[in-house]
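K.L.:
I'd like to ask some things about the structure below.
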Amino acid sequence: MTFKDEYDFDLLENQIENIVIKELEKQLALSENKNVCKCRDCVIDMAALALNHLKPAYRSSLSMKGYLYKQNLHAGNRDQAYAKVVKNTIQKIAENPSH
Ligand SMILES: [Zn+2]
């Protein structure tokens, strides 16, 4: 058994990933993005690009206390910042699709 098999690293969860995916879903549904390609390649590229611009917040999915709970005071600013990164990312991929 390798080290990687012995410990289940799939328990690692980047909480920012869920936020970015939700934000992508929300923004891609907007009428201003109706002409943006939503094929798998483009959407995965958008998620990857957005996540590369954001500081990750990993936690173990076994842990009940999420890192983000501690940051709730700044949730408003945080969500705005994420929305902006996702918006820029959609524009970049839409202009330069990799498919
Ligand atoms: Zn595409």
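Order determines the names: the first chain of the structure tokens is A, the second B, and so forth; residues in each chain are numbered 1 upward, and ligands are numbered 1 upward as they are shown.
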Taking only chain A into account, list the residues labelled strand (DSSP E or B) by DSSP (computed from the backbone), as a list in words.
P.N.:
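Answer for chain A, restricted to strand (DSSP E or B): Leu12, Glu13, Asn14, Tyr58, Arg59 and Ser60 of chain A.
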K.L.:
Kindly export the residues of the current selection with all heavy atoms, as an mmCIF file, in the first residue's frame.
P.N.:
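Produced file part_12.cif, reproduced below:
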data_model
loop_
_atom_site.group_PDB
_atom_site.id
_atom_site.type_symbol
_atom_site.label_atom_id
_atom_site.label_comp_id
_atom_site.auth_asym_id
_atom_site.auth_seq_id
_atom_site.Cartn_x
_atom_site.Cartn_y
_atom_site.Cartn_z
ATOM 1 N N LEU A 12 -9.590 15.717 1.055
ATOM 2 C CA LEU A 12 -9.240 17.135 0.941
ATOM 3 C C LEU A 12 -10.246 17.824 0.042
ATOM 4 O O LEU A 12 -10.580 17.343 -1.029
ATOM 5 C CB LEU A 12 -7.842 17.294 0.331
ATOM 6 C CG LEU A 12 -6.662 17.081 1.236
ATOM 7 C CD1 LEU A 12 -5.380 17.193 0.437
ATOM 8 C CD2 LEU A 12 -6.664 18.086 2.366
ATOM 9 N N GLU A 13 -10.674 18.960 0.500
ATOM 10 C CA GLU A 13 -11.724 19.664 -0.221
ATOM 11 C C GLU A 13 -11.361 21.142 -0.265
ATOM 12 O O GLU A 13 -11.143 21.752 0.777
ATOM 13 C CB GLU A 13 -12.999 19.477 0.600
ATOM 14 C CG GLU A 13 -14.269 19.484 -0.185
ATOM 15 C CD GLU A 13 -15.430 19.096 0.720
ATOM 16 O OE1 GLU A 13 -15.773 19.899 1.601
ATOM 17 O OE2 GLU A 13 -15.943 17.977 0.550
ATOM 18 N N ASN A 14 -11.287 21.687 -1.442
ATOM 19 C CA ASN A 14 -11.080 23.128 -1.559
ATOM 20 C C ASN A 14 -12.452 23.791 -1.575
ATOM 21 O O ASN A 14 -13.197 23.679 -2.531
ATOM 22 C CB ASN A 14 -10.303 23.443 -2.839
ATOM 23 C CG ASN A 14 -10.080 24.930 -3.027
ATOM 24 O OD1 ASN A 14 -10.377 25.738 -2.148
ATOM 25 N ND2 ASN A 14 -9.543 25.303 -4.170
ATOM 26 N N TYR A 58 -8.446 24.912 1.774
ATOM 27 C CA TYR A 58 -8.634 23.478 1.939
ATOM 28 C C TYR A 58 -9.066 23.134 3.352
ATOM 29 O O TYR A 58 -8.689 23.791 4.303
ATOM 30 C CB TYR A 58 -7.340 22.726 1.616
ATOM 31 C CG TYR A 58 -7.152 22.526 0.139
ATOM 32 C CD1 TYR A 58 -6.385 23.407 -0.600
ATOM 33 C CD2 TYR A 58 -7.776 21.471 -0.508
ATOM 34 C CE1 TYR A 58 -6.240 23.243 -1.968
ATOM 35 C CE2 TYR A 58 -7.630 21.292 -1.870
ATOM 36 C CZ TYR A 58 -6.859 22.178 -2.594
ATOM 37 O OH TYR A 58 -6.718 22.007 -3.932
ATOM 38 N N ARG A 59 -9.867 22.084 3.414
ATOM 39 C CA ARG A 59 -10.189 21.504 4.702
ATOM 40 C C ARG A 59 -10.425 20.027 4.453
ATOM 41 O O ARG A 59 -10.580 19.576 3.320
ATOM 42 C CB ARG A 59 -11.428 22.155 5.304
ATOM 43 C CG ARG A 59 -12.687 21.850 4.524
ATOM 44 C CD ARG A 59 -13.910 22.202 5.328
ATOM 45 N NE ARG A 59 -15.106 21.739 4.638
ATOM 46 C CZ ARG A 59 -16.289 21.599 5.212
ATOM 47 N NH1 ARG A 59 -16.426 21.883 6.478
ATOM 48 N NH2 ARG A 59 -17.316 21.184 4.538
ATOM 49 N N SER A 60 -10.471 19.271 5.516
ATOM 50 C CA SER A 60 -10.827 17.872 5.407
ATOM 51 C C SER A 60 -12.336 17.778 5.409
ATOM 52 O O SER A 60 -12.998 18.443 6.203
ATOM 53 C CB SER A 60 -10.256 17.109 6.602
ATOM 54 O OG SER A 60 -11.015 15.933 6.787
#
K.L.:
Give me the residues near Glu23 in chain A as a short mmCIF file (atom, residue, chain, number, x, y, z; two decimals) with C-alpha atoms, in the first residue's frame, where near means some atom within 9 Å (using only C-alpha atoms) and where sequence neighbours in that chain fewer than 6 positions away do not count.
P.N.:
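Written output follows (result-v1.cif):
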data_model
loop_
_atom_site.label_atom_id
_atom_site.label_comp_id
_atom_site.auth_asym_id
_atom_site.auth_seq_id
_atom_site.Cartn_x
_atom_site.Cartn_y
_atom_site.Cartn_z
CA ASP A 79 -18.50 36.98 -2.67
CA TYR A 82 -15.27 35.87 -6.40
CA ALA A 83 -18.02 37.13 -8.68
CA VAL A 86 -15.55 34.48 -12.38
CA LYS A 87 -16.87 37.26 -14.62
#
K.L.:
List every residue of chain A that has an atom at most 6 Å from any atom of ligand 1, and for each one report the closest atom pair and its distance in Å to one decimal, counting only C-alpha atoms and all ligand atoms, with rows sorted by chain and then by increasing residue number, as JSON lines.
P.N.:
{"residue": "A:Cys37", "atom": "CA", "partner": "ligand 1", "partner_atom_place_in_ligand_line": "1 (Zn)", "distance": 4.6}
{"residue": "A:Lys38", "atom": "CA", "partner": "ligand 1", "partner_atom_place_in_ligand_line": "1 (Zn)", "distance": 5.6}
{"residue": "A:Cys39", "atom": "CA", "partner": "ligand 1", "partner_atom_place_in_ligand_line": "1 (Zn)", "distance": 4.3}
{"residue": "A:Asp41", "atom": "CA", "partner": "ligand 1", "partner_atom_place_in_ligand_line": "1 (Zn)", "distance": 5.6}
{"residue": "A:Cys42", "atom": "CA", "partner": "ligand 1", "partner_atom_place_in_ligand_line": "1 (Zn)", "distance": 4.3}
{"residue": "A:Pro97", "atom": "CA", "partner": "ligand 1", "partner_atom_place_in_ligand_line": "1 (Zn)", "distance": 5.8}
{"residue": "A:His99", "atom": "CA", "partner": "ligand 1", "partner_atom_place_in_ligand_line": "1 (Zn)", "distance": 5.3}
K.L.:
Could you pull out the residues in range 24-91 of chain A that DSSP calls helix (DSSP H, G or I) from the backbone, as a ChimeraX atom specification?
P.N.:
/A:24-28,31-33,40-52,67-91
K.L.:
Find the distance between CA of Lys26 in chain A and CA of Leu54 in chain A and write it in Å to one decimal.
P.N.:
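Between these atoms lies a distance of 18.2 Å.
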K.L.:
Could you jot down the CA of Val85 in chain A to CA of Ser31 in chain A separation for me, Å, one decimal place?
P.N.:
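Those two atoms sit 18.6 Å apart.
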K.L.:
What's the 9 Å shell around Asn33 in chain A, counting only C-alpha atoms, without same-chain residues fewer than 4 positions away, as a list in words?
P.N.:
Gln27, Leu28, Ala29, Cys37, Ile90 and Gln91 of chain A
K.L.:
Would you mind exporting all heavy atoms of the selected residues as a short mmCIF file (atom, residue, chain, number, x, y, z; two decimals), in the first residue's frame?
P.N.:
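Heads up, here's the output in result-v5.cif:
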data_model
loop_
_atom_site.label_atom_id
_atom_site.label_comp_id
_atom_site.auth_asym_id
_atom_site.auth_seq_id
_atom_site.Cartn_x
_atom_site.Cartn_y
_atom_site.Cartn_z
N GLN A 27 -23.73 32.84 -13.21
CA GLN A 27 -23.39 33.83 -14.23
C GLN A 27 -23.62 33.31 -15.65
O GLN A 27 -24.00 34.07 -16.54
CB GLN A 27 -21.95 34.30 -14.06
CG GLN A 27 -21.77 35.15 -12.81
CD GLN A 27 -20.47 35.92 -12.80
OE1 GLN A 27 -19.91 36.25 -13.83
NE2 GLN A 27 -19.97 36.21 -11.60
N LEU A 28 -23.39 32.01 -15.87
CA LEU A 28 -23.59 31.47 -17.22
C LEU A 28 -25.07 31.44 -17.60
O LEU A 28 -25.41 31.37 -18.77
CB LEU A 28 -22.98 30.06 -17.33
CG LEU A 28 -21.45 30.02 -17.42
CD1 LEU A 28 -20.95 28.59 -17.40
CD2 LEU A 28 -20.94 30.76 -18.66
N ALA A 29 -25.94 31.51 -16.59
CA ALA A 29 -27.38 31.53 -16.85
C ALA A 29 -27.88 32.94 -17.20
O ALA A 29 -29.02 33.10 -17.65
CB ALA A 29 -28.12 30.99 -15.63
N CYS A 37 -19.98 29.89 -25.07
CA CYS A 37 -19.98 28.42 -25.22
C CYS A 37 -19.99 27.77 -23.84
O CYS A 37 -19.21 28.13 -22.97
CB CYS A 37 -18.76 27.97 -26.01
SG CYS A 37 -18.68 26.18 -26.17
N ILE A 90 -14.97 34.13 -17.45
CA ILE A 90 -15.93 33.79 -18.50
C ILE A 90 -15.58 34.58 -19.77
O ILE A 90 -15.55 34.03 -20.87
CB ILE A 90 -17.38 34.08 -18.04
CG1 ILE A 90 -17.78 33.10 -16.95
CG2 ILE A 90 -18.36 33.98 -19.23
CD1 ILE A 90 -19.13 33.40 -16.28
N GLN A 91 -15.28 35.87 -19.61
CA GLN A 91 -14.93 36.70 -20.76
C GLN A 91 -13.69 36.17 -21.47
O GLN A 91 -13.66 36.06 -22.69
CB GLN A 91 -14.67 38.14 -20.31
CG GLN A 91 -15.95 38.97 -20.24
CD GLN A 91 -15.73 40.32 -19.56
OE1 GLN A 91 -14.62 40.65 -19.18
NE2 GLN A 91 -16.80 41.07 -19.40
#
K.L.:
Determine the nearest neighbour of Leu49 in chain A from the options A:Thr2, A:Ser98, A:Asn35, A:Thr89, counting only C-alpha atoms.
P.N.:
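Checking each candidate against Leu49 in chain A, we get A:Thr89 as the closest.
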K.L.:
Record the distance separating CA of Asn18 in chain A and CA of Val36 in chain A, expressed in Å with one decimal.
P.N.:
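Atom-to-atom, CA of Asn18 in chain A and CA of Val36 in chain A are spaced 21.3 Å apart.
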K.L.:
Near Ala81 in chain A, within 12 Å and counting only C-alpha atoms, which residues show up once chain neighbours fewer than 3 positions away are dropped, as a compact mmCIF listing (two decimals) with all heavy atoms, in the first residue's frame?
P.N.:
# COMPACT_ATOMS: atom_id res chain seq x y z
N ILE A 16 -13.28 26.72 -1.92
CA ILE A 16 -13.44 27.78 -2.93
C ILE A 16 -14.00 27.18 -4.22
O ILE A 16 -14.69 27.84 -4.98
CB ILE A 16 -12.09 28.48 -3.20
CG1 ILE A 16 -11.43 28.91 -1.89
CG2 ILE A 16 -12.26 29.67 -4.12
CD1 ILE A 16 -12.26 29.83 -1.03
N ILE A 19 -17.71 27.34 -4.26
CA ILE A 19 -18.18 28.72 -4.45
C ILE A 19 -18.05 29.12 -5.92
O ILE A 19 -18.98 29.70 -6.51
CB ILE A 19 -17.36 29.70 -3.57
CG1 ILE A 19 -17.61 29.39 -2.10
CG2 ILE A 19 -17.70 31.14 -3.90
CD1 ILE A 19 -16.72 30.15 -1.14
N VAL A 20 -16.91 28.77 -6.53
CA VAL A 20 -16.67 29.13 -7.93
C VAL A 20 -17.65 28.40 -8.85
O VAL A 20 -18.20 29.00 -9.78
CB VAL A 20 -15.19 28.82 -8.32
CG1 VAL A 20 -15.01 28.77 -9.83
CG2 VAL A 20 -14.27 29.88 -7.71
N GLU A 23 -21.01 30.08 -8.56
CA GLU A 23 -20.96 31.40 -9.19
C GLU A 23 -20.96 31.26 -10.72
O GLU A 23 -21.63 32.02 -11.42
CB GLU A 23 -19.70 32.14 -8.70
CG GLU A 23 -19.62 33.60 -9.08
CD GLU A 23 -20.77 34.44 -8.55
OE1 GLU A 23 -21.20 34.25 -7.40
OE2 GLU A 23 -21.24 35.31 -9.31
N ALA A 50 -10.40 30.43 -13.02
CA ALA A 50 -10.87 31.21 -11.86
C ALA A 50 -10.18 30.73 -10.59
O ALA A 50 -9.70 31.54 -9.79
CB ALA A 50 -12.38 31.08 -11.73
N HIS A 53 -6.77 31.94 -9.82
CA HIS A 53 -6.67 33.33 -9.39
C HIS A 53 -7.08 33.53 -7.94
O HIS A 53 -7.03 34.64 -7.44
CB HIS A 53 -7.54 34.22 -10.28
CG HIS A 53 -6.90 34.52 -11.60
ND1 HIS A 53 -7.14 33.77 -12.72
CD2 HIS A 53 -6.02 35.48 -11.95
CE1 HIS A 53 -6.43 34.26 -13.72
NE2 HIS A 53 -5.75 35.29 -13.29
N LEU A 54 -7.57 32.47 -7.32
CA LEU A 54 -8.10 32.61 -5.96
C LEU A 54 -7.31 31.76 -4.99
O LEU A 54 -6.89 30.65 -5.31
CB LEU A 54 -9.57 32.21 -5.93
CG LEU A 54 -10.51 33.10 -6.76
CD1 LEU A 54 -11.84 32.40 -6.99
CD2 LEU A 54 -10.70 34.44 -6.08
N LYS A 55 -7.11 32.29 -3.81
CA LYS A 55 -6.41 31.56 -2.78
C LYS A 55 -7.28 30.38 -2.36
O LYS A 55 -8.45 30.55 -2.03
CB LYS A 55 -6.19 32.49 -1.59
CG LYS A 55 -5.28 31.98 -0.53
CD LYS A 55 -4.99 33.11 0.46
CE LYS A 55 -4.27 32.59 1.68
NZ LYS A 55 -5.15 32.03 2.70
N HIS A 74 -16.67 38.80 6.58
CA HIS A 74 -16.26 39.43 5.32
C HIS A 74 -16.95 38.80 4.12
O HIS A 74 -16.53 39.00 2.99
CB HIS A 74 -14.75 39.34 5.16
CG HIS A 74 -14.00 39.91 6.31
ND1 HIS A 74 -14.00 41.25 6.60
CD2 HIS A 74 -13.27 39.32 7.28
CE1 HIS A 74 -13.29 41.46 7.70
NE2 HIS A 74 -12.83 40.30 8.14
N ALA A 75 -18.00 38.04 4.39
CA ALA A 75 -18.63 37.27 3.32
C ALA A 75 -19.09 38.15 2.15
O ALA A 75 -18.94 37.78 1.00
CB ALA A 75 -19.80 36.47 3.86
N GLY A 76 -19.63 39.32 2.46
CA GLY A 76 -20.10 40.21 1.40
C GLY A 76 -19.00 40.59 0.43
O GLY A 76 -19.13 40.39 -0.78
N ASN A 77 -17.89 41.08 0.96
CA ASN A 77 -16.75 41.47 0.12
C ASN A 77 -16.18 40.27 -0.62
O ASN A 77 -15.82 40.36 -1.79
CB ASN A 77 -15.63 42.06 0.98
CG ASN A 77 -16.01 43.41 1.53
OD1 ASN A 77 -16.88 44.08 0.98
ND2 ASN A 77 -15.37 43.81 2.60
N ARG A 78 -16.13 39.16 0.09
CA ARG A 78 -15.56 37.95 -0.47
C ARG A 78 -16.35 37.51 -1.70
O ARG A 78 -15.81 37.29 -2.76
CB ARG A 78 -15.59 36.86 0.60
CG ARG A 78 -14.85 35.60 0.25
CD ARG A 78 -15.32 34.47 1.14
NE ARG A 78 -16.68 34.11 0.81
CZ ARG A 78 -17.50 33.47 1.63
NH1 ARG A 78 -17.13 33.16 2.82
NH2 ARG A 78 -18.72 33.15 1.23
N LYS A 84 -16.35 38.76 -9.36
CA LYS A 84 -15.56 39.53 -10.32
C LYS A 84 -14.56 38.61 -11.05
O LYS A 84 -14.41 38.69 -12.27
CB LYS A 84 -14.80 40.63 -9.56
CG LYS A 84 -14.47 41.82 -10.43
CD LYS A 84 -13.87 42.92 -9.58
CE LYS A 84 -13.00 43.81 -10.45
NZ LYS A 84 -12.18 44.73 -9.63
N VAL A 85 -13.89 37.76 -10.30
CA VAL A 85 -12.92 36.83 -10.90
C VAL A 85 -13.64 35.91 -11.89
O VAL A 85 -13.17 35.70 -13.01
CB VAL A 85 -12.20 35.99 -9.81
CG1 VAL A 85 -11.41 34.84 -10.43
CG2 VAL A 85 -11.26 36.87 -9.00
N VAL A 86 -14.80 35.39 -11.50
CA VAL A 86 -15.55 34.48 -12.38
C VAL A 86 -16.00 35.22 -13.64
O VAL A 86 -15.92 34.69 -14.74
CB VAL A 86 -16.75 33.85 -11.62
CG1 VAL A 86 -17.70 33.15 -12.57
CG2 VAL A 86 -16.24 32.88 -10.56
N LYS A 87 -16.43 36.46 -13.47
CA LYS A 87 -16.87 37.26 -14.62
C LYS A 87 -15.73 37.45 -15.63
O LYS A 87 -15.89 37.23 -16.83
CB LYS A 87 -17.38 38.62 -14.12
CG LYS A 87 -18.13 39.37 -15.18
CD LYS A 87 -18.71 40.66 -14.67
CE LYS A 87 -19.42 41.29 -15.88
NZ LYS A 87 -19.89 42.61 -15.64
N ASN A 88 -14.55 37.83 -15.12
CA ASN A 88 -13.39 38.02 -15.99
C ASN A 88 -13.00 36.72 -16.69
O ASN A 88 -12.61 36.71 -17.85
CB ASN A 88 -12.18 38.52 -15.18
CG ASN A 88 -12.38 39.93 -14.69
OD1 ASN A 88 -13.19 40.68 -15.24
ND2 ASN A 88 -11.66 40.31 -13.65
K.L.:
Rank A:Gln80, A:Leu24, A:Asp8, A:Phe3 by their smallest atom-to-atom distance to Asp45 in chain A, using only C-alpha atoms, and report the top residue only.
P.N.:
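Answer, going by the shortest atom-to-atom distance: A:Leu24.
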